[in-house]
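As provided, protein-v2.csv (CSV, N, CA and C atoms) reads as follows.
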chain,number,residue,atom,x,y,z
I,895,MET,N,110.8,106.6,210.5
I,895,MET,CA,111.7,105.9,211.4
I,895,MET,C,113.1,106.4,211.1
I,896,ASN,N,113.9,106.4,212.1
I,896,ASN,CA,115.3,106.8,212.0
I,896,ASN,C,116.2,105.7,212.4
I,897,LEU,N,117.0,105.3,211.5
I,897,LEU,CA,117.9,104.2,211.7
I,897,LEU,C,119.1,104.6,212.6
I,898,SER,N,119.4,103.9,213.6
I,898,SER,CA,120.4,104.4,214.6
I,898,SER,C,121.8,103.8,214.2
I,899,VAL,N,121.9,103.0,213.2
I,899,VAL,CA,123.2,102.5,212.8
I,899,VAL,C,123.2,102.5,211.2
I,900,ALA,N,124.4,102.4,210.7
I,900,ALA,CA,124.6,102.4,209.3
I,900,ALA,C,124.8,101.0,208.8
I,901,PHE,N,124.2,100.7,207.7
I,901,PHE,CA,124.3,99.3,207.1
I,901,PHE,C,125.0,99.4,205.7
I,902,ALA,N,125.7,98.3,205.4
I,902,ALA,CA,126.4,98.3,204.1
I,902,ALA,C,125.2,98.2,203.0
I,903,PRO,N,125.5,98.6,201.8
I,903,PRO,CA,124.5,98.5,200.8
I,903,PRO,C,124.0,97.1,200.6
I,904,TRP,N,122.8,97.0,200.3
I,904,TRP,CA,122.1,95.7,200.1
I,904,TRP,C,121.9,94.9,201.3
I,905,THR,N,122.2,95.4,202.5
I,905,THR,CA,122.0,94.7,203.7
I,905,THR,C,120.5,94.8,204.2
I,906,ASP,N,119.9,93.7,204.6
I,906,ASP,CA,118.6,93.7,205.1
I,906,ASP,C,118.7,94.1,206.6
I,907,PRO,N,118.2,95.3,207.0
I,907,PRO,CA,118.4,95.8,208.4
I,907,PRO,C,117.6,94.9,209.3
I,908,ARG,N,116.5,94.2,208.9
I,908,ARG,CA,115.7,93.5,209.7
I,908,ARG,C,116.4,92.3,210.4
I,909,THR,N,117.4,91.7,209.7
I,909,THR,CA,118.1,90.6,210.2
I,909,THR,C,119.0,91.1,211.4
I,910,VAL,N,119.7,92.2,211.2
I,910,VAL,CA,120.6,92.7,212.2
I,910,VAL,C,119.8,93.2,213.4
I,911,ALA,N,118.7,93.9,213.1
I,911,ALA,CA,117.8,94.4,214.2
I,911,ALA,C,117.3,93.3,215.0
I,912,ALA,N,116.9,92.2,214.4
I,912,ALA,CA,116.4,91.1,215.2
I,912,ALA,C,117.5,90.4,216.0
I,913,ARG,N,118.7,90.3,215.5
I,913,ARG,CA,119.8,89.6,216.2
I,913,ARG,C,120.2,90.4,217.4
I,914,HIS,N,120.2,91.8,217.3
I,914,HIS,CA,120.7,92.6,218.3
I,914,HIS,C,119.6,93.3,219.1
I,915,ARG,N,118.3,93.0,218.7
I,915,ARG,CA,117.2,93.6,219.4
I,915,ARG,C,117.2,95.1,219.4
I,916,PHE,N,117.5,95.7,218.2
I,916,PHE,CA,117.6,97.2,218.1
I,916,PHE,C,116.2,97.8,218.4
I,917,PRO,N,116.2,98.9,219.1
I,917,PRO,CA,114.9,99.6,219.3
I,917,PRO,C,114.4,100.2,218.0
I,918,VAL,N,113.1,100.6,218.0
I,918,VAL,CA,112.5,101.3,216.9
I,918,VAL,C,112.5,102.7,217.3
I,919,ILE,N,113.1,103.6,216.5
I,919,ILE,CA,113.1,105.0,216.8
I,919,ILE,C,112.3,105.8,215.9
I,920,THR,N,111.3,106.6,216.4
I,920,THR,CA,110.4,107.3,215.5
I,920,THR,C,110.4,108.8,216.0
I,921,MET,N,109.9,109.7,215.1
I,921,MET,CA,109.8,111.1,215.5
I,921,MET,C,108.3,111.3,216.0
I,922,ALA,N,108.2,112.2,216.9
I,922,ALA,CA,106.9,112.5,217.5
I,922,ALA,C,106.1,113.2,216.4
I,923,GLU,N,104.8,113.2,216.6
I,923,GLU,CA,103.9,113.8,215.6
I,923,GLU,C,104.2,115.2,215.2
I,924,ARG,N,104.6,116.0,216.2
I,924,ARG,CA,105.0,117.4,216.0
I,924,ARG,C,106.4,117.6,215.7
I,925,GLY,N,107.2,116.5,215.5
I,925,GLY,CA,108.6,116.6,215.2
I,925,GLY,C,109.4,117.3,216.3
I,926,MET,N,110.3,118.2,215.9
I,926,MET,CA,111.2,118.9,216.8
I,926,MET,C,110.4,119.9,217.7
I,927,ALA,N,109.2,120.2,217.4
I,927,ALA,CA,108.4,121.1,218.2
I,927,ALA,C,107.7,120.4,219.4
I,928,ALA,N,107.8,119.0,219.3
I,928,ALA,CA,107.2,118.3,220.4
I,928,ALA,C,108.0,118.3,221.7
I,929,GLU,N,107.4,118.1,222.8
I,929,GLU,CA,108.1,118.1,224.1
I,929,GLU,C,109.1,117.0,224.1
I,930,GLN,N,108.8,115.9,223.6
I,930,GLN,CA,109.8,114.8,223.4
I,930,GLN,C,109.8,114.4,221.9
I,931,PRO,N,110.7,115.0,221.1
I,931,PRO,CA,110.6,114.8,219.7
I,931,PRO,C,111.0,113.4,219.2
I,932,VAL,N,111.8,112.6,219.9
I,932,VAL,CA,112.1,111.3,219.5
I,932,VAL,C,111.5,110.3,220.5
I,933,ILE,N,110.9,109.3,219.9
I,933,ILE,CA,110.3,108.2,220.7
I,933,ILE,C,111.0,106.9,220.4
I,934,THR,N,111.5,106.3,221.5
I,934,THR,CA,112.3,105.1,221.4
I,934,THR,C,111.4,104.0,221.9
I,935,GLN,N,111.1,103.0,221.1
I,935,GLN,CA,110.3,101.8,221.5
I,935,GLN,C,111.2,100.6,221.5
I,936,PRO,N,110.9,99.6,222.3
I,936,PRO,CA,111.6,98.3,222.3
I,936,PRO,C,111.6,97.7,220.9
I,937,TYR,N,112.5,96.7,220.7
I,937,TYR,CA,112.5,96.0,219.4
I,937,TYR,C,111.1,95.5,219.1
I,938,ASP,N,110.8,95.7,217.8
I,938,ASP,CA,109.5,95.2,217.3
I,938,ASP,C,109.7,94.8,215.8
I,939,ALA,N,109.5,93.5,215.5
I,939,ALA,CA,109.7,93.0,214.2
I,939,ALA,C,108.8,93.8,213.2
I,940,ALA,N,107.5,94.1,213.6
I,940,ALA,CA,106.6,94.8,212.7
I,940,ALA,C,107.1,96.2,212.4
I,941,GLY,N,107.7,96.9,213.3
I,941,GLY,CA,108.3,98.2,213.1
I,941,GLY,C,109.5,98.2,212.2
I,942,TRP,N,110.3,97.2,212.3
I,942,TRP,CA,111.4,97.0,211.4
I,942,TRP,C,111.0,96.6,210.0
I,943,TYR,N,109.9,95.9,209.9
I,943,TYR,CA,109.4,95.5,208.6
I,943,TYR,C,108.9,96.8,207.9
I,944,GLU,N,108.2,97.6,208.7
I,944,GLU,CA,107.7,98.9,208.1
I,944,GLU,C,108.9,99.8,207.7
I,945,PHE,N,110.0,99.8,208.5
I,945,PHE,CA,111.2,100.6,208.1
I,945,PHE,C,111.7,100.0,206.7
I,946,TYR,N,111.8,98.7,206.7
I,946,TYR,CA,112.3,98.0,205.5
I,946,TYR,C,111.5,98.4,204.3
I,947,ARG,N,110.2,98.3,204.4
I,947,ARG,CA,109.3,98.5,203.3
I,947,ARG,C,109.4,100.0,202.8
I,948,ARG,N,109.5,100.9,203.8
I,948,ARG,CA,109.6,102.4,203.4
I,948,ARG,C,110.9,102.7,202.7
I,949,HIS,N,112.0,102.0,203.0
I,949,HIS,CA,113.3,102.3,202.5
I,949,HIS,C,113.8,101.3,201.5
I,950,LEU,N,113.0,100.5,201.0
I,950,LEU,CA,113.4,99.4,200.1
I,950,LEU,C,114.1,100.0,198.9
I,951,ASP,N,113.7,101.1,198.4
I,951,ASP,CA,114.4,101.7,197.2
I,951,ASP,C,115.8,102.0,197.5
I,952,MET,N,116.1,102.5,198.7
I,952,MET,CA,117.5,102.9,199.1
I,952,MET,C,118.3,101.6,199.5
I,953,ILE,N,117.6,100.6,199.9
I,953,ILE,CA,118.3,99.3,200.3
I,953,ILE,C,118.7,98.6,199.0
I,954,GLU,N,117.8,98.5,198.0
I,954,GLU,CA,118.1,97.8,196.8
I,954,GLU,C,119.0,98.6,195.8
I,955,ALA,N,118.9,99.9,195.8
I,955,ALA,CA,119.7,100.8,194.9
I,955,ALA,C,120.2,102.0,195.7
I,956,PRO,N,121.2,101.8,196.5
I,956,PRO,CA,121.8,102.9,197.4
I,956,PRO,C,122.3,104.0,196.5
I,957,CYS,N,122.1,105.2,197.0
I,957,CYS,CA,122.5,106.4,196.3
I,957,CYS,C,124.1,106.5,196.3
I,958,CYS,N,124.6,107.2,195.4
I,958,CYS,CA,126.1,107.4,195.3
I,958,CYS,C,126.4,108.9,195.0
I,959,PHE,N,127.3,109.4,195.8
I,959,PHE,CA,127.6,110.9,195.6
I,959,PHE,C,129.0,111.0,195.0
I,960,SER,N,129.6,110.0,194.5
I,960,SER,CA,130.9,110.0,193.8
I,960,SER,C,130.7,110.4,192.4
I,961,SER,N,131.6,111.4,191.9
I,961,SER,CA,131.5,111.7,190.5
I,961,SER,C,132.6,110.9,189.7
I,962,THR,N,133.5,110.2,190.4
I,962,THR,CA,134.6,109.5,189.8
I,962,THR,C,134.3,108.0,189.7
I,963,GLY,N,133.2,107.6,190.1
I,963,GLY,CA,132.9,106.1,190.1
I,963,GLY,C,132.8,105.7,191.6
I,964,CYS,N,132.0,104.7,191.8
I,964,CYS,CA,131.7,104.2,193.1
I,964,CYS,C,132.0,102.7,193.2
I,965,PRO,N,132.8,102.3,194.2
I,965,PRO,CA,133.2,100.9,194.3
I,965,PRO,C,131.9,100.0,194.6
I,966,VAL,N,130.9,100.6,195.2
I,966,VAL,CA,129.7,99.8,195.5
I,966,VAL,C,128.9,99.5,194.2
I,967,HIS,N,128.8,100.6,193.3
I,967,HIS,CA,128.0,100.4,192.1
I,967,HIS,C,128.9,99.8,190.9
I,968,ASP,N,130.2,99.8,191.1
I,968,ASP,CA,131.0,99.3,190.0
I,968,ASP,C,131.1,97.7,190.1
I,969,ARG,N,130.5,97.1,191.0
I,969,ARG,CA,130.5,95.6,191.1
I,969,ARG,C,130.0,95.0,189.9

For the structure just supplied, provide its representation as C-alpha cells.
Amino acid sequence: MNLSVAFAPWTDPRTVAARHRFPVITMAERGMAAEQPVITQPYDAAGWYEFYRRHLDMIEAPCCFSSTGCPVHDR
C-alpha cells in the first residue's frame, strides 16, 4: 500500500483515514509494467488495518536521517 499523505511520527493513520474516508491505494500485481499500475479503492477499514500492521515498525519507531540529533527522537 502507498500512503497518500504524510503523518506525524507515532500517529495512527487508521484514525485519520476513517475520519476523512481516505481511499486505499495499492500497486498492481505487475507494478509499473501493468497497464494500470496504481489501483485506488474506496475507503476500507480492513485495508487501512493491513497498512497499519505492515508499517507498525515505522509508526512506532520512525526513522531519522539527521546526524546532528532529531527533535522527534530527542523527546

I need the strand (DSSP E) residues of chain I per DSSP on the backbone, written as a list in words.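 Those residues are Val918, Ile919, Thr920, Met921, Val932, Ile933, Thr934 and Gln935 of chain I.
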
Can you measure atom CA of Pro903 of chain I to atom CA of Trp942 of chain I for me? One decimal in Å is fine.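 We find that atom CA of Pro903 of chain I and atom CA of Trp942 of chain I lie 16.9 Å from each other.
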
Residue among I:Trp904, I:Met926, I:Glu944, I:Thr909 lying closest to Pro956 of chain I, counting only N, CA and C atoms: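 Counting only N, CA and C atoms, the residue closest to Pro956 of chain I is I:Trp904.
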
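Atom CA of Glu929 of chain I is positioned 29.2 Å from atom CA of Pro907 of chain I.
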
Name the residues, using the chain letters and numbers of the file, that sit within 6 Å of (110.5, 106.8, 216.2) when counting all atoms listed in the file, and give them as an MDAnalysis selection string. chainID I and resid 895:896 918:922 932:934

Would you return as a ChimeraX atom specification the members of chain I that DSSP assigns to alpha helix (DSSP H) on this structure's backbone? /I:907-914,939-948,950-954

How many Å separate atom CA of Pro931 of chain I from atom CA of Phe945 of chain I?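 According to the coordinates, atom CA of Pro931 of chain I and atom CA of Phe945 of chain I are separated by 18.3 Å.
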
Give me the residues within 12 Å of Tyr943 of chain I as a list in words, counting only C-alpha atoms and dropping any in the same chain fewer than 3 places off.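 Contacts, with the query itself left out: Met895, Asp906, Pro907, Arg908, Thr909, Ala911, Ala912, Val918, Tyr937, Asp938, Ala939, Ala940, Tyr946, Arg947, Arg948, His949 and Leu950 of chain I.
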